[in-house]
Every structure is written in C-alpha cells, then in structure tokens.
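Asks: Input work.json, format and content: JSON, C-alpha atoms and all ligand atoms.
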[["chain", "number", "residue", "atom", "x", "y", "z"],
["E", 70, "MET", "CA", 74.91, 49.38, -45.41],
["E", 71, "LYS", "CA", 77.26, 52.05, -46.87],
["E", 72, "LEU", "CA", 79.25, 51.43, -50.06],
["E", 73, "ALA", "CA", 82.89, 52.36, -50.58],
["E", 74, "TYR", "CA", 85.45, 51.70, -53.29],
["E", 75, "SER", "CA", 89.24, 51.51, -53.07],
["E", 76, "ILE", "CA", 91.50, 54.36, -54.15],
["E", 77, "PRO", "CA", 95.33, 54.15, -54.38],
["E", 78, "ASN", "CA", 97.47, 54.66, -51.27],
["E", 79, "LEU", "CA", 96.71, 58.11, -49.84],
["E", 80, "ASP", "CA", 100.37, 58.88, -49.03],
["E", 81, "GLU", "CA", 101.33, 58.18, -52.66],
["E", 82, "LEU", "CA", 98.52, 60.15, -54.33],
["E", 83, "SER", "CA", 98.85, 63.74, -55.51],
["E", 84, "LEU", "CA", 96.01, 66.02, -54.42],
["E", 85, "GLU", "CA", 95.03, 66.39, -58.10],
["E", 86, "ASP", "CA", 94.71, 62.62, -58.51],
["E", 87, "LEU", "CA", 92.87, 62.30, -55.18],
["E", 88, "ASP", "CA", 90.45, 64.99, -56.42],
["E", 89, "ARG", "CA", 89.91, 62.99, -59.64],
["E", 90, "TYR", "CA", 89.29, 59.65, -57.87],
["E", 91, "LEU", "CA", 86.91, 61.18, -55.33],
["E", 92, "GLY", "CA", 85.05, 62.92, -58.18],
["E", 93, "ILE", "CA", 84.59, 59.58, -59.98],
["E", 94, "LEU", "CA", 83.29, 57.81, -56.85],
["E", 95, "SER", "CA", 81.02, 60.68, -55.86],
["E", 96, "ALA", "CA", 79.49, 60.90, -59.36],
["E", 97, "ILE", "CA", 78.73, 57.15, -59.26],
["E", 98, "GLY", "CA", 77.02, 57.46, -55.86],
["E", 99, "TYR", "CA", 79.49, 55.93, -53.40],
["E", 100, "ASP", "CA", 79.33, 56.95, -49.74],
["E", 101, "GLY", "CA", 83.02, 56.29, -49.16],
["E", 102, "ALA", "CA", 86.54, 55.75, -50.42],
["E", 103, "GLU", "CA", 88.94, 53.26, -48.84],
["E", 104, "THR", "CA", 92.70, 53.62, -48.92],
["E", 105, "SER", "CA", 95.97, 52.44, -47.46],
["E", 106, "VAL", "CA", 98.62, 54.55, -45.72],
["E", 107, "CYS", "CA", 102.08, 53.67, -44.41],
["E", 108, "TYR", "CA", 103.13, 56.88, -42.63],
["E", 109, "GLY", "CA", 100.05, 58.61, -41.22],
["E", 110, "ASP", "CA", 102.01, 61.72, -40.23],
["E", 111, "LYS", "CA", 103.03, 62.32, -43.86],
["E", 112, "VAL", "CA", 99.49, 62.96, -45.12],
["E", 113, "ASP", "CA", 98.28, 66.57, -45.60],
["E", 114, "ARG", "CA", 95.17, 65.89, -43.55],
["E", 115, "GLU", "CA", 93.60, 69.37, -43.93],
["E", 116, "ALA", "CA", 93.92, 69.29, -47.74],
["E", 117, "VAL", "CA", 92.50, 65.74, -47.86],
["E", 118, "LYS", "CA", 89.64, 66.77, -45.56],
["E", 119, "LYS", "CA", 88.75, 69.65, -47.91],
["E", 120, "LEU", "CA", 88.61, 67.30, -50.93],
["E", 121, "LEU", "CA", 86.49, 64.75, -49.05],
["E", 122, "GLU", "CA", 84.05, 67.52, -48.10],
["E", 123, "LYS", "CA", 84.06, 68.91, -51.67],
["E", 124, "HIS", "CA", 82.92, 65.51, -53.02],
["E", 125, "ASN", "CA", 80.78, 64.54, -50.00],
["E", 126, "ILE", "CA", 82.77, 61.31, -49.64],
["E", 127, "LYS", "CA", 83.84, 59.79, -46.30],
["E", 128, "LEU", "CA", 86.87, 57.59, -45.70],
["E", 129, "SER", "CA", 85.43, 54.13, -45.02],
["E", 130, "GLY", "CA", 88.64, 53.10, -43.31],
["E", 131, "LEU", "CA", 92.45, 53.29, -43.41],
["E", 132, "ARG", "CA", 94.27, 50.08, -44.33],
["E", 133, "SER", "CA", 97.55, 49.48, -42.48],
["E", 134, "GLY", "CA", 99.13, 46.77, -44.67],
["E", 135, "ALA", "CA", 101.62, 49.22, -46.17],
["E", 136, "ILE", "CA", 103.37, 49.46, -42.76],
["E", 137, "TYR", "CA", 104.47, 45.87, -43.45],
["E", 138, "ASP", "CA", 104.67, 45.91, -47.25],
["E", 139, "LYS", "CA", 106.51, 49.25, -47.56],
["E", 140, "ALA", "CA", 108.23, 49.82, -44.19],
["E", 141, "GLY", "CA", 108.91, 46.14, -43.44],
["E", 142, "LEU", "CA", 107.57, 46.43, -39.87],
["E", 143, "ARG", "CA", 105.49, 43.60, -38.35],
["E", 144, "PHE", "CA", 103.88, 42.55, -35.06],
["E", 145, "THR", "CA", 105.43, 39.06, -35.22],
["E", 146, "SER", "CA", 109.07, 40.12, -35.46],
["E", 147, "PRO", "CA", 111.31, 38.45, -32.84],
["E", 148, "ASP", "CA", 113.09, 41.85, -32.62],
["E", 149, "PRO", "CA", 111.35, 44.03, -29.98],
["E", 150, "GLU", "CA", 112.59, 47.15, -31.74],
["E", 151, "ILE", "CA", 110.74, 46.19, -34.94],
["E", 152, "ARG", "CA", 107.55, 45.39, -32.98],
["E", 153, "ARG", "CA", 107.81, 48.73, -31.19],
["E", 154, "LYS", "CA", 108.25, 50.60, -34.48],
["E", 155, "ALA", "CA", 105.29, 48.69, -35.99],
["E", 156, "VAL", "CA", 103.01, 49.75, -33.10],
["E", 157, "ASP", "CA", 104.30, 53.34, -33.07],
["E", 158, "THR", "CA", 103.81, 53.65, -36.85],
["E", 159, "LEU", "CA", 100.30, 52.18, -36.49],
["E", 160, "LYS", "CA", 99.56, 54.71, -33.73],
["E", 161, "LYS", "CA", 100.42, 57.55, -36.16],
["E", 162, "LEU", "CA", 97.89, 55.98, -38.56],
["E", 163, "ILE", "CA", 95.36, 55.78, -35.74],
["E", 164, "ASP", "CA", 95.95, 59.51, -35.08],
["E", 165, "LEU", "CA", 95.13, 60.19, -38.75],
["E", 166, "ALA", "CA", 92.07, 57.90, -38.65],
["E", 167, "GLY", "CA", 90.96, 59.65, -35.46],
["E", 168, "PHE", "CA", 91.19, 63.00, -37.27],
["E", 169, "PHE", "CA", 88.95, 61.69, -40.08],
["E", 170, "GLY", "CA", 86.70, 59.72, -37.70],
["E", 171, "CYS", "CA", 87.23, 56.46, -39.59],
["E", 172, "ASP", "CA", 88.40, 53.02, -38.46],
["E", 173, "ILE", "CA", 91.63, 51.10, -38.98],
["E", 174, "LEU", "CA", 91.75, 47.97, -41.17],
["E", 175, "LEU", "CA", 94.46, 45.52, -40.17],
["E", 176, "GLY", "CA", 95.82, 42.20, -41.29],
["E", 177, "ARG", "CA", 99.12, 42.26, -43.16],
["E", 178, "ILE", "CA", 100.89, 44.28, -40.43],
["E", 179, "GLN", "CA", 101.01, 41.08, -38.35],
["E", 180, "GLY", "CA", 103.53, 39.97, -41.01],
["E", 181, "LEU", "CA", 104.36, 36.61, -42.54],
["E", 182, "LEU", "CA", 106.07, 34.15, -40.20],
["E", 183, "GLU", "CA", 109.71, 33.69, -41.25],
["E", 184, "PRO", "CA", 111.29, 30.16, -41.38],
["E", 185, "GLY", "CA", 112.08, 28.85, -37.90],
["E", 186, "GLU", "CA", 109.79, 31.31, -36.09],
["E", 187, "ASP", "CA", 107.35, 29.79, -33.59],
["E", 188, "LEU", "CA", 103.66, 30.53, -34.26],
["E", 189, "ALA", "CA", 102.61, 30.36, -30.59],
["E", 190, "GLN", "CA", 105.26, 32.95, -29.67],
["E", 191, "ALA", "CA", 104.35, 35.07, -32.72],
["E", 192, "LYS", "CA", 100.70, 35.11, -31.66],
["E", 193, "LYS", "CA", 101.72, 36.28, -28.18],
["E", 194, "TYR", "CA", 103.51, 39.22, -29.82],
["E", 195, "ILE", "CA", 100.39, 39.97, -31.88],
["E", 196, "VAL", "CA", 98.22, 39.94, -28.74],
["E", 197, "ASP", "CA", 100.46, 42.52, -27.02],
["E", 198, "CYS", "CA", 100.71, 44.77, -30.09],
["E", 199, "LEU", "CA", 96.99, 44.62, -30.89],
["E", 200, "ARG", "CA", 95.88, 45.19, -27.29],
["E", 201, "GLU", "CA", 98.07, 48.30, -27.02],
["E", 202, "SER", "CA", 96.90, 49.59, -30.42],
["E", 203, "SER", "CA", 93.20, 48.97, -29.75],
["E", 204, "GLU", "CA", 93.28, 50.75, -26.41],
["E", 205, "TYR", "CA", 94.99, 53.67, -28.19],
["E", 206, "ALA", "CA", 92.27, 53.70, -30.87],
["E", 207, "GLY", "CA", 89.73, 53.82, -28.05],
["E", 208, "LYS", "CA", 90.95, 57.37, -27.27],
["E", 209, "TYR", "CA", 89.35, 58.47, -30.57],
["E", 210, "GLY", "CA", 86.32, 56.22, -30.32],
["E", 211, "ILE", "CA", 87.42, 54.37, -33.47],
["E", 212, "TYR", "CA", 87.98, 50.66, -33.95],
["E", 213, "ILE", "CA", 90.58, 48.28, -35.35],
["E", 214, "HIS", "CA", 89.08, 45.62, -37.67],
["E", 215, "TYR", "CA", 91.19, 42.48, -37.87],
["E", 216, "GLU", "CA", 91.05, 40.51, -41.14],
["E", 217, "PRO", "CA", 91.37, 36.73, -41.66],
["E", 218, "ILE", "CA", 93.62, 36.43, -44.73],
["E", 219, "ASN", "CA", 93.83, 33.49, -47.14],
["E", 220, "ARG", "CA", 96.74, 31.07, -47.28],
["E", 221, "PHE", "CA", 98.20, 32.55, -50.48],
["E", 222, "GLU", "CA", 98.79, 35.91, -48.74],
["E", 223, "MET", "CA", 99.44, 34.99, -45.09],
["E", 224, "ASN", "CA", 100.85, 31.82, -43.47],
["E", 225, "TYR", "CA", 98.53, 31.64, -40.42],
["E", 226, "ASN", "CA", 95.17, 33.09, -39.14],
["E", 227, "HIS", "CA", 93.20, 32.06, -42.23],
["E", 228, "THR", "CA", 89.70, 31.03, -41.16],
["E", 229, "THR", "CA", 86.91, 33.10, -39.65],
["E", 230, "LYS", "CA", 86.47, 30.47, -36.93],
["E", 231, "GLU", "CA", 90.06, 30.66, -35.64],
["E", 232, "MET", "CA", 90.03, 34.47, -35.89],
["E", 233, "ILE", "CA", 86.83, 34.74, -33.86],
["E", 234, "GLU", "CA", 88.52, 32.75, -31.06],
["E", 235, "PHE", "CA", 91.79, 34.69, -31.34],
["E", 236, "THR", "CA", 90.05, 38.08, -31.38],
["E", 237, "LYS", "CA", 87.89, 37.14, -28.38],
["E", 238, "TYR", "CA", 91.09, 36.22, -26.51],
["E", 239, "ILE", "CA", 92.70, 39.55, -27.48],
["E", 240, "ASN", "CA", 89.57, 41.39, -26.29],
["E", 241, "SER", "CA", 89.53, 39.51, -22.97],
["E", 242, "GLY", "CA", 92.48, 41.63, -21.84],
["E", 243, "ILE", "CA", 91.32, 45.10, -22.91],
["E", 244, "ASN", "CA", 88.40, 47.53, -22.62],
["E", 245, "HIS", "CA", 88.21, 48.78, -26.23],
["E", 246, "GLU", "CA", 87.49, 45.72, -28.37],
["E", 247, "VAL", "CA", 89.07, 44.69, -31.66],
["E", 248, "ARG", "CA", 86.48, 43.83, -34.30],
["E", 249, "LEU", "CA", 86.57, 41.56, -37.38],
["E", 250, "LEU", "CA", 87.01, 42.57, -41.01],
["E", 251, "MET", "CA", 85.16, 39.97, -43.11],
["E", 252, "ASP", "CA", 86.48, 39.81, -46.68],
["E", 253, "VAL", "CA", 84.49, 37.42, -48.88],
["E", 254, "PHE", "CA", 87.50, 36.85, -51.14],
["E", 255, "HIS", "CA", 89.43, 35.29, -48.23],
["E", 256, "MET", "CA", 86.29, 33.57, -46.93],
["E", 257, "MET", "CA", 85.76, 31.92, -50.33],
["E", 258, "LEU", "CA", 89.21, 30.33, -50.04],
["E", 259, "GLU", "CA", 89.23, 29.49, -46.32],
["E", 260, "ASP", "CA", 85.73, 29.11, -44.87],
["E", 261, "PHE", "CA", 83.33, 26.17, -45.23],
["E", 262, "SER", "CA", 80.41, 28.58, -45.73],
["E", 263, "ILE", "CA", 80.48, 32.34, -46.28],
["E", 264, "PRO", "CA", 76.97, 32.97, -44.88],
["E", 265, "GLY", "CA", 77.82, 30.66, -41.97],
["E", 266, "ALA", "CA", 81.02, 32.59, -41.28],
["E", 267, "PHE", "CA", 79.12, 35.89, -41.33],
["E", 268, "VAL", "CA", 76.55, 34.58, -38.84],
["E", 269, "ARG", "CA", 79.23, 33.15, -36.54],
["E", 270, "SER", "CA", 81.07, 36.50, -36.54],
["E", 271, "ARG", "CA", 77.97, 38.43, -35.56],
["E", 272, "GLU", "CA", 79.21, 39.89, -32.25],
["E", 273, "LEU", "CA", 82.56, 40.91, -33.76],
["E", 274, "ILE", "CA", 81.86, 41.88, -37.39],
["E", 275, "GLY", "CA", 82.80, 45.51, -37.97],
["E", 276, "HIS", "CA", 83.70, 45.87, -41.65],
["E", 277, "VAL", "CA", 83.18, 43.99, -44.91],
["E", 278, "HIS", "CA", 85.20, 43.66, -48.13],
["E", 279, "PHE", "CA", 83.63, 42.51, -51.39],
["E", 280, "ALA", "CA", 85.50, 41.23, -54.45],
["E", 281, "ASP", "CA", 84.63, 38.41, -56.84],
["E", 282, "SER", "CA", 86.57, 35.28, -57.76],
["E", 283, "THR", "CA", 88.98, 35.44, -60.69],
["E", 284, "ARG", "CA", 91.29, 32.90, -62.34],
["E", 285, "ASP", "CA", 94.36, 34.64, -60.86],
["E", 286, "GLN", "CA", 94.96, 36.21, -57.43],
["E", 287, "THR", "CA", 93.61, 39.61, -58.41],
["E", 288, "ARG", "CA", 90.17, 40.58, -57.17],
["E", 289, "GLY", "CA", 87.20, 40.53, -59.54],
["E", 290, "VAL", "CA", 84.45, 43.11, -59.90],
["E", 291, "PRO", "CA", 81.41, 41.77, -57.96],
["E", 292, "GLY", "CA", 79.20, 39.94, -60.46],
["E", 293, "SER", "CA", 82.10, 38.86, -62.69],
["E", 294, "GLY", "CA", 82.84, 35.57, -60.93],
["E", 295, "VAL", "CA", 81.19, 32.68, -59.12],
["E", 296, "MET", "CA", 80.36, 34.33, -55.81],
["E", 297, "ASN", "CA", 76.79, 34.73, -54.55],
["E", 298, "PHE", "CA", 76.58, 38.37, -53.42],
["E", 299, "LYS", "CA", 72.77, 38.22, -53.25],
["E", 300, "GLU", "CA", 73.15, 35.64, -50.45],
["E", 301, "TYR", "CA", 75.87, 37.62, -48.65],
["E", 302, "ILE", "CA", 73.84, 40.82, -48.71],
["E", 303, "ASP", "CA", 70.75, 39.05, -47.46],
["E", 304, "VAL", "CA", 72.56, 37.45, -44.54],
["E", 305, "LEU", "CA", 74.24, 40.75, -43.63],
["E", 306, "ASP", "CA", 70.85, 42.47, -43.76],
["E", 307, "ALA", "CA", 69.29, 39.70, -41.65],
["E", 308, "MET", "CA", 72.07, 40.20, -39.09],
["E", 309, "GLY", "CA", 71.27, 43.90, -38.96],
["E", 310, "TYR", "CA", 74.74, 44.78, -40.29],
["E", 311, "ASN", "CA", 74.81, 48.51, -40.97],
["E", 312, "GLY", "CA", 78.46, 49.18, -41.57],
["E", 313, "TRP", "CA", 80.68, 49.63, -44.60],
["E", 314, "ILE", "CA", 80.89, 47.30, -47.57],
["E", 315, "ALA", "CA", 84.10, 48.28, -49.38],
["E", 316, "MET", "CA", 84.83, 46.92, -52.84],
["E", 317, "GLU", "CA", 88.41, 45.69, -52.87],
["E", 318, "VAL", "CA", 88.85, 45.33, -56.61],
["E", 319, "GLY", "CA", 92.33, 45.59, -58.03],
["E", 320, "LEU", "CA", 91.49, 47.54, -61.17],
["E", 321, "GLN", "CA", 93.75, 50.39, -62.19],
["E", 322, "ASP", "CA", 93.23, 52.95, -64.92],
["E", 323, "PRO", "CA", 91.84, 52.77, -67.61],
["E", 324, "ASP", "CA", 89.34, 50.25, -66.13],
["E", 325, "TYR", "CA", 89.10, 51.97, -62.74],
["E", 326, "GLU", "CA", 85.93, 53.96, -63.50],
["E", 327, "TRP", "CA", 84.29, 50.99, -65.24],
["E", 328, "GLY", "CA", 85.07, 48.76, -62.23],
["E", 329, "ALA", "CA", 83.73, 51.25, -59.72],
["E", 330, "LYS", "CA", 80.53, 51.84, -61.71],
["E", 331, "THR", "CA", 79.88, 48.15, -62.42],
["E", 332, "SER", "CA", 80.48, 47.17, -58.79],
["E", 333, "PHE", "CA", 78.22, 49.93, -57.49],
["E", 334, "ASN", "CA", 75.38, 49.18, -59.92],
["E", 335, "TYR", "CA", 75.46, 45.47, -59.17],
["E", 336, "ILE", "CA", 75.72, 45.63, -55.36],
["E", 337, "SER", "CA", 73.36, 48.57, -54.87],
["E", 338, "THR", "CA", 70.76, 46.76, -57.00],
["E", 339, "LEU", "CA", 71.08, 43.65, -54.81],
["E", 340, "ILE", "CA", 70.73, 45.78, -51.67],
["E", 341, "GLU", "CA", 67.60, 47.42, -53.09],
["E", 342, "LEU", "CA", 66.11, 44.04, -54.05],
["E", 343, "CYS", "CA", 66.89, 42.74, -50.55],
["E", 344, "LYS", "CA", 65.11, 45.72, -48.94],
["E", 345, "ARG", "CA", 62.04, 45.26, -51.17],
["E", 346, "ALA", "CA", 61.90, 41.53, -50.54],
["E", 347, "GLN", "CA", 61.15, 41.96, -46.78],
["E", 401, "LIG", "C1", 93.38, 43.62, -47.55],
["E", 401, "LIG", "O1", 92.08, 44.10, -47.16],
["E", 401, "LIG", "C2", 93.19, 42.25, -48.09],
["E", 401, "LIG", "O2", 92.12, 41.77, -48.29],
["E", 401, "LIG", "C3", 94.36, 41.42, -48.40],
["E", 401, "LIG", "O3", 94.84, 41.76, -49.65],
["E", 401, "LIG", "C4", 95.42, 41.43, -47.35],
["E", 401, "LIG", "O4", 96.51, 40.69, -47.79],
["E", 402, "MN", "MN", 90.33, 42.70, -47.67]]
I need this file expressed as structure tokens, please.
Replies:
Amino acid sequence: MKLAYSIPNLDELSLEDLDRYLGILSAIGYDGAETSVCYGDKVDREAVKKLLEKHNIKLSGLRSGAIYDKAGLRFTSPDPEIRRKAVDTLKKLIDLAGFFGCDILLGRIQGLLEPGEDLAQAKKYIVDCLRESSEYAGKYGIYIHYEPINRFEMNYNHTTKEMIEFTKYINSGINHEVRLLMDVFHMMLEDFSIPGAFVRSRELIGHVHFADSTRDQTRGVPGSGVMNFKEYIDVLDAMGYNGWIAMEVGLQDPDYEWGAKTSFNYISTLIELCKRAQ
C-alpha cells in the first residue's frame, strides 16, 4: 500500500508553493501527493513533472470535483450542452493524468440533483458520460475511480452496496472498467460496516481515502477520532489491496505539516504492525 497526502488544487498553486508542499511530503516519507484540477490544459505539466521528480513524489491521482464546484459542469444536467462540456473538460483532465500516469478520482462531477429532476433519468446521463470517459481513459491505460459520497455532500449514490451495483452496470457496456474509490469518511456515515464494505467491493476497489471522524464536516487526521484504522488496514491487507491510500484531511497552513506528519506516522505504524502480525 502506498501513502499519499492532499495538496491544494494544482491549477491554483504557484510552482514555488507546489515545490514547498512536495518538499514537506517527501521529507516525511510519503510516496505520493493527491490534488484536484478543474482545467487540465491549464497546468504547466513539464514544470510540475520536474518538481515531482525533484522530490521523488508521484501523483496518487487527480480529483475532478472542481469541474463541478468551480466550472459548474455536471453529468446529471438536463442540458446536453452542459453534459458535453463536463465530459470534454474531464477528458482534458484525463489527458493530464495520462501524461503523469496517474488515475482519475471522480464523484462530485456527477453533480447534485436539482429540485424536480428525475434520479432515474439522471443516472442514465451518468452512465453515458462515465462510459465515454472510461473508454477514453483506457487509451492511456489509466482508470477512473468512482466514489460513493455521503448524504451531506451528495443527494444520491451514498452506499458502497448501491455503487457496486451501479458501477457493475456501467462496466457491462464498456471494455475499460470503472473502479471504486472507497473513502472511509463516507463509509462511516453510509455503510453498515466499513470492513464489510471493503470486502464486498473487492473486485472493483481501486483507490482508498482515509480521514477520521470530527465533530463538524471537516476531515480529521487519522487517529484523532473514533475510526478503527487498524481494522481497515488489516482488511485491505487481507484482500491483497496494493494501491494508494490517500489522506484526505482538510488541514491548511499552519497545521498542514503537523497533519501530514501525524497521519503518516500513525498509518505507516499500523501498516508495519499489520505486516509483522502475519
Ligand atoms: C472527495 O474525495 C471526497 O471525499 C468528497 O469530499 C467529495 O464530496
Ligand atoms: Mn474522498
């Protein structure tokens, strides 16, 4: 399992700040950095590549939520023009991810359902958009990981169970499969059992997010809340999961470095203990 930590949106970061964040994560021992991008064609990919190589850090994935949150584009729009722009903007992000050889993380771009919109019709739109996007990602040999999101952030597609069924249906019509992004913060709010949800997702799991519970909707540093990361790591190890575990903790400066270090020390210790316990 490889460990990554979030950095601010790549298309809003200066190269100096990117250099600083990557230096912090590299010094702590992370394998990767995870970020969000709205317009993939606006990133200076060669300069970013040089900084990633300088710090020996990989991109663990590119999040696509900003295409909805910043550009207002979504897969579920009744307007075909908006859906087309959402897919075309995502394809530019896939081009960028293909350049870096990392995957695409996807959830919010499906968009919140607006009052009066029909969920069954909205899901048909999602199927078409995701099938086209996943086949396009297949050109680069990279994958789209689709995230179940809790009810406070999305108004459908909440549980792992329903998303396994939905993703299997999406994959039934394409050659390059969509995988699942399992985020324990959402699973804590929506699933009956987090280890159970991991095991049930075994054929589709492609990426994992860690964050701990907090008393507000921010994301806690692993170890600071009530969640049992020792159990999650053991079940992922037992499943033979060898992908990324990205910490999705919402800490900004001045706590950023503390959060990254504390998360890394806690989770890497649990991984080491799990390995030794075999
Ligand atoms: C993004 O990975 C995430 O977990 C949620 O914040 C999406 O709304
Ligand atoms: Mn997440």
Asks: What separation in Å, quoted to one decimal, exists between atom CA of E:Val295 and atom CA of E:Gln321?
Replies: 21.9 Å
Asks: From the list E:Val253, E:Ile136, E:Ala266, E:Leu159, which residue is nearest E:Met316 when using all atoms listed in the file?
Replies: E:Val253
Asks: Please compute the atom CA of E:Leu249-atom CA of E:Arg269 distance, one decimal, in Å.
Replies: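 So the two atoms, atom CA of E:Leu249 and atom CA of E:Arg269, lie 11.2 Å apart.
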Asks: Report as a ChimeraX atom specification all protein, DNA and RNA residues lying within 12 Å of E:Glu122, evaluated on all atoms listed in the file, omitting residues in the same chain fewer than 3 positions from it.
Replies: /E:88,91-92,95,100-101,115-119,125-128,169
Asks: Between atom CA of E:Leu273 and atom CA of E:Ser241, what distance in Å does the model show, to one decimal?
Replies: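 Separation of atom CA of E:Leu273 and atom CA of E:Ser241: 12.9 Å.
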Asks: For stretch 223-325 of chain E against stretch 195-209 of chain E, with a cut-off of 8 Å and counting only C-alpha atoms, what is the closest atom pair and its distance in Å to one decimal for every residue that makes the cut, ordered by chain and number, as JSON lines?
Replies:
{"residue": "E:Ile239", "atom": "CA", "partner": "E:Val196", "partner_atom": "CA", "distance": 5.7}
{"residue": "E:Asn240", "atom": "CA", "partner": "E:Arg200", "partner_atom": "CA", "distance": 7.4}
{"residue": "E:Gly242", "atom": "CA", "partner": "E:Arg200", "partner_atom": "CA", "distance": 7.3}
{"residue": "E:Ile243", "atom": "CA", "partner": "E:Arg200", "partner_atom": "CA", "distance": 6.3}
{"residue": "E:Asn244", "atom": "CA", "partner": "E:Glu204", "partner_atom": "CA", "distance": 7.0}
{"residue": "E:His245", "atom": "CA", "partner": "E:Glu204", "partner_atom": "CA", "distance": 5.4}
{"residue": "E:Glu246", "atom": "CA", "partner": "E:Ser203", "partner_atom": "CA", "distance": 6.7}
{"residue": "E:Val247", "atom": "CA", "partner": "E:Ser203", "partner_atom": "CA", "distance": 6.2}
Asks: My list of candidates is E:Gly98, E:Gly275, E:Gly292, E:Pro323. Which is closest to E:Tyr310 when distances are computed with only C-alpha atoms?
Replies: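 Distance minimum relative to E:Tyr310 lands on E:Gly275.
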Asks: If we count all atoms listed in the file and set the cut-off at 8 Å, which residues sit around E:Met256, ignoring sequence neighbours fewer than 6 positions away in its own chain? Please answer as a list in words.
Replies: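 The filter keeps Pro217, Asn219, Thr228, Thr229, Ser262, Ile263 and Ala266 of chain E.
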Asks: Using only C-alpha atoms, which of the listed residues (E:Gly210, E:Arg177, E:Lys344, E:Arg89) sits closest to E:Tyr137?
Replies: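 The answer is E:Arg177, which sits nearest to E:Tyr137.
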Asks: Got a sec to check which residues lie within 8 Å of ligand MN 402 (chain E), using all atoms listed in the file, and send them as a list in words?
Replies: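 Counting all atoms listed in the file, the residues within 8 Å of ligand MN 402 (chain E) come out as Glu216, Ile218, Leu250, Met251, Asp252, Val253, Phe254, His255, Val277, His278, Phe279 and Glu317 of chain E.
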Asks: The selected residues should be written to file as a short mmCIF file (atom, residue, chain, number, x, y, z; two decimals), in the coordinates of the input (atoms: C-alpha atoms).
Replies:
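As a result, selection.cif now contains:
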data_model
loop_
_atom_site.label_atom_id
_atom_site.label_comp_id
_atom_site.auth_asym_id
_atom_site.auth_seq_id
_atom_site.Cartn_x
_atom_site.Cartn_y
_atom_site.Cartn_z
CA GLU E 216 91.05 40.51 -41.14
CA ILE E 218 93.62 36.43 -44.73
CA LEU E 250 87.01 42.57 -41.01
CA MET E 251 85.16 39.97 -43.11
CA ASP E 252 86.48 39.81 -46.68
CA VAL E 253 84.49 37.42 -48.88
CA PHE E 254 87.50 36.85 -51.14
CA HIS E 255 89.43 35.29 -48.23
CA VAL E 277 83.18 43.99 -44.91
CA HIS E 278 85.20 43.66 -48.13
CA PHE E 279 83.63 42.51 -51.39
CA GLU E 317 88.41 45.69 -52.87
#
Asks: Near E:Gly319, counting all atoms listed in the file, which residues have an atom at most 9 Å away, once you skip same-chain residues fewer than 6 positions from it, shown as a list of chain:residue names?
Replies: E:Ser75, E:Ala280, E:Thr287, E:Arg288, E:Gly289, E:Val290, E:Tyr325, E:Gly328
Asks: Counting all atoms listed in the file, what is within 10 Å of stretch 138-155 of chain E, bar same-chain residues fewer than 5 positions away, as a list in words?
Replies: Val106, Cys107, Tyr108, Ser133, Lys160, Arg177, Ile178, Gln179, Gly180, Leu181, Leu182, Glu183, Glu186, Asp187, Leu188, Gln190, Ala191, Lys192, Lys193, Tyr194, Ile195, Val196, Asp197, Cys198 and Leu199 of chain E
Asks: Could you give me the axis-aligned bounding box of stretch 331-347 of chain E, with 8 Å of padding per side, as centre plus edge lengths in Å to one decimal, as AutoDock Vina command-line options?
Replies:
--center_x 70.8 --center_y 45.7 --center_z -54.6 --size_x 35.3 --size_y 24.4 --size_z 31.6
Asks: Choose the residue, out of E:Asp306, E:Asp324, E:Asp157, E:Asp164, that has the smallest atom-to-atom separation from E:Phe267; count all atoms listed in the file.
Replies: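 Among E:Asp306, E:Asp324, E:Asp157, E:Asp164, it is E:Asp306 that comes nearest to E:Phe267.
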Asks: Might you pull out every residue within 6 Å of E:Trp313, with all atoms listed in the file counted and same-chain residues fewer than 6 positions away left off, and present them as number ranges by chain?
Replies: E: 70-72, 276
